[in-house]
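Student: I have a structure here, written as structure tokens, and I will follow up with some questions on it.
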Amino acid sequence: MTTPDPQPSPAALQRRDATAARAGDIAAARLKERIYATITLTAVVVTLAEAGELDHLEAALTVAVTALGVWLATLVADEQAHRAVTRRSANRAEIRTGLYVSSPLLLSAVGPLALIGMSALGAMGLGTALLTGAGVEVATLFFWGWRTGLRMGNGPLSALTSGLLDTAIGVGVVGVKFLAGH
């Protein structure tokens, strides 16, 4: 005879729910950082493509330094906000979480940097590599919007609409930055 599994206590259920909510918050924060960095780097890459007289090293450094600068600014802003709200510095666990959450800011530079590298090896012109990099970044925006739409469970048409809206917003932000000369 088997004994039934004991039901978790209300406290255990509450801890499990809190852990799941925290994991969801972290995943949402990482995705937010990735989308923000994707839009920012798309604007930078399009601006570089339009700049003309640029070599591979300058383009790669601009993309890398932009990603690094945005990442460092995020870390500083997060720490400042943490201290303002909690009246203390972040502890090691909070710093690790902050680094984990903000890491997509750096990852968003990988595609454009790989394409610039391919261009440096002669696979394509630098302008083509930069515009292709911008296209990859815009496709990434579509992918995240589409995936989010699917996860919401409203069907493929809703997912497509979500992806297209995210893409349009990203392209709009890039257009505004481009028109403003940034």
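Identifiers for the structure tokens are assigned positionally: chains receive A, B, ... in sequence, residues are indexed from 1 per chain, and ligands are indexed from 1 in the order shown.
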Would you list the contacts of Gly125 (chain A) as a PyMOL selection string, taking every protein, DNA or RNA residue within 10 Å and counting only C-alpha atoms, but skipping same-chain residues closer than 4 positions in sequence?

Tutor: chain A and resi 56+115-116+118-121+129-130

Student: Env of Ile39 (chain A): 7 Å cut, atoms = only C-alpha atoms, seq-sep filter 4 positions within chain, self excluded. Answer as a PDB file with N, CA, C and O atoms, in the first residue's frame.

Tutor:
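Saved result, selection-v9.pdb, follows:
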```pdb
ATOM      1  N   ILE A  35      15.941  43.847 -25.623  1.00  0.00           N
ATOM      2  CA  ILE A  35      15.194  44.656 -26.595  1.00  0.00           C
ATOM      3  C   ILE A  35      15.741  46.073 -26.633  1.00  0.00           C
ATOM      4  O   ILE A  35      15.949  46.646 -27.718  1.00  0.00           O
ATOM      5  N   ALA A  43      20.182  51.382 -34.224  1.00  0.00           N
ATOM      6  CA  ALA A  43      20.362  52.795 -34.579  1.00  0.00           C
ATOM      7  C   ALA A  43      21.834  53.107 -34.847  1.00  0.00           C
ATOM      8  O   ALA A  43      22.171  53.806 -35.808  1.00  0.00           O
ATOM      9  N   GLY A 170      10.517  49.388 -33.018  1.00  0.00           N
ATOM     10  CA  GLY A 170      11.980  49.442 -33.123  1.00  0.00           C
ATOM     11  C   GLY A 170      12.447  50.232 -34.321  1.00  0.00           C
ATOM     12  O   GLY A 170      13.339  51.079 -34.232  1.00  0.00           O
ATOM     13  N   VAL A 174      14.551  53.781 -34.375  1.00  0.00           N
ATOM     14  CA  VAL A 174      15.748  53.939 -35.203  1.00  0.00           C
ATOM     15  C   VAL A 174      15.571  55.102 -36.169  1.00  0.00           C
ATOM     16  O   VAL A 174      16.471  55.919 -36.351  1.00  0.00           O
TER      17      VAL A 174
END
```

Student: Mind pulling up the distance from CA of Val44 (chain A) to CA of Leu113 (chain A)?

Tutor: 12.2 Å

Student: Could you tell me which of A:Gly127, A:Phe143, A:Val63, A:Val171 comes closest to Ala159 (chain A) if we count only C-alpha atoms?

Tutor: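 Smallest separation from Ala159 (chain A) among the options: A:Phe143.
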
Student: Which residues are close to Ile169 (chain A), i.e. within 12 Å by only C-alpha atoms, leaving aside same-chain residues fewer than 2 positions away? Reply as a VMD selection string.

Tutor: chain A and resid 35 to 36 38 to 39 138 141 to 142 145 162 to 167 171 to 176

Student: Just write the chosen residues, N, CA and C atoms, as a JSON list (two decimals), in the first residue's frame.

Tutor:
```
[["chain", "number", "residue", "atom", "x", "y", "z"],
["A", 35, "ILE", "N", 15.94, 43.85, -25.62],
["A", 35, "ILE", "CA", 15.19, 44.66, -26.60],
["A", 35, "ILE", "C", 15.74, 46.07, -26.63],
["A", 36, "TYR", "N", 16.01, 46.65, -25.48],
["A", 36, "TYR", "CA", 16.58, 47.99, -25.42],
["A", 36, "TYR", "C", 17.92, 48.05, -26.15],
["A", 38, "THR", "N", 19.03, 46.01, -28.43],
["A", 38, "THR", "CA", 18.82, 45.74, -29.85],
["A", 38, "THR", "C", 18.42, 47.01, -30.59],
["A", 39, "ILE", "N", 17.49, 47.75, -30.02],
["A", 39, "ILE", "CA", 17.07, 49.01, -30.65],
["A", 39, "ILE", "C", 18.22, 50.00, -30.71],
["A", 138, "VAL", "N", 16.69, 43.98, -36.38],
["A", 138, "VAL", "CA", 15.24, 44.19, -36.55],
["A", 138, "VAL", "C", 14.52, 42.83, -36.55],
["A", 141, "LEU", "N", 14.00, 41.78, -33.08],
["A", 141, "LEU", "CA", 12.84, 42.43, -32.47],
["A", 141, "LEU", "C", 11.55, 41.70, -32.85],
["A", 142, "PHE", "N", 11.44, 41.33, -34.12],
["A", 142, "PHE", "CA", 10.26, 40.59, -34.56],
["A", 142, "PHE", "C", 10.17, 39.27, -33.81],
["A", 145, "GLY", "N", 8.97, 39.69, -30.21],
["A", 145, "GLY", "CA", 7.56, 40.03, -30.19],
["A", 145, "GLY", "C", 6.68, 38.85, -30.56],
["A", 162, "SER", "N", 1.97, 40.86, -32.73],
["A", 162, "SER", "CA", 2.91, 41.30, -31.69],
["A", 162, "SER", "C", 4.31, 41.50, -32.27],
["A", 163, "GLY", "N", 4.74, 40.54, -33.09],
["A", 163, "GLY", "CA", 6.06, 40.66, -33.71],
["A", 163, "GLY", "C", 6.16, 41.87, -34.62],
["A", 164, "LEU", "N", 5.13, 42.09, -35.42],
["A", 164, "LEU", "CA", 5.13, 43.24, -36.33],
["A", 164, "LEU", "C", 5.08, 44.56, -35.57],
["A", 165, "LEU", "N", 4.33, 44.61, -34.48],
["A", 165, "LEU", "CA", 4.27, 45.84, -33.68],
["A", 165, "LEU", "C", 5.63, 46.14, -33.04],
["A", 166, "ASP", "N", 6.26, 45.12, -32.47],
["A", 166, "ASP", "CA", 7.59, 45.33, -31.88],
["A", 166, "ASP", "C", 8.58, 45.79, -32.94],
["A", 167, "THR", "N", 8.50, 45.19, -34.12],
["A", 167, "THR", "CA", 9.39, 45.58, -35.21],
["A", 167, "THR", "C", 9.13, 47.03, -35.62],
["A", 171, "VAL", "N", 11.82, 49.99, -35.48],
["A", 171, "VAL", "CA", 12.17, 50.73, -36.69],
["A", 171, "VAL", "C", 11.85, 52.21, -36.51],
["A", 172, "GLY", "N", 10.73, 52.50, -35.85],
["A", 172, "GLY", "CA", 10.36, 53.91, -35.58],
["A", 172, "GLY", "C", 11.39, 54.62, -34.72],
["A", 173, "VAL", "N", 11.85, 53.94, -33.67],
["A", 173, "VAL", "CA", 12.87, 54.54, -32.80],
["A", 173, "VAL", "C", 14.16, 54.77, -33.58],
["A", 174, "VAL", "N", 14.55, 53.78, -34.37],
["A", 174, "VAL", "CA", 15.75, 53.94, -35.20],
["A", 174, "VAL", "C", 15.57, 55.10, -36.17],
["A", 175, "GLY", "N", 14.39, 55.21, -36.78],
["A", 175, "GLY", "CA", 14.12, 56.31, -37.71],
["A", 175, "GLY", "C", 14.22, 57.66, -37.05],
["A", 176, "VAL", "N", 13.67, 57.78, -35.85],
["A", 176, "VAL", "CA", 13.75, 59.04, -35.11],
["A", 176, "VAL", "C", 15.20, 59.37, -34.79]]
```

Student: Point out the residue among A:Thr132, A:Ser89, A:Thr161, A:Asn154 with the least atom-to-atom distance to Ala49 (chain A), counting only C-alpha atoms.

Tutor: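 Under the stated criterion, the closest residue is A:Thr132.
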
Student: Using only C-alpha atoms, pick whichever of A:Leu48, A:Lys32, A:Asp25, A:Thr148 has the shortest atom-to-atom distance to Ala134 (chain A).

Tutor: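 For Ala134 (chain A), the nearest of the candidates is A:Leu48.
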
Student: Let's see if you can do this: from backbone DSSP, list all helix (DSSP H, G or I) residues in chain A, as a count of residues only.

Tutor: 149

Student: So that I can check the surroundings of Val136 (chain A), please list as an NGL selection string every protein, DNA and RNA residue that reaches within 9 Å of it, counting only C-alpha atoms and ignoring chain neighbours fewer than 6 positions away.

Tutor: :A and (42 or 111-112)
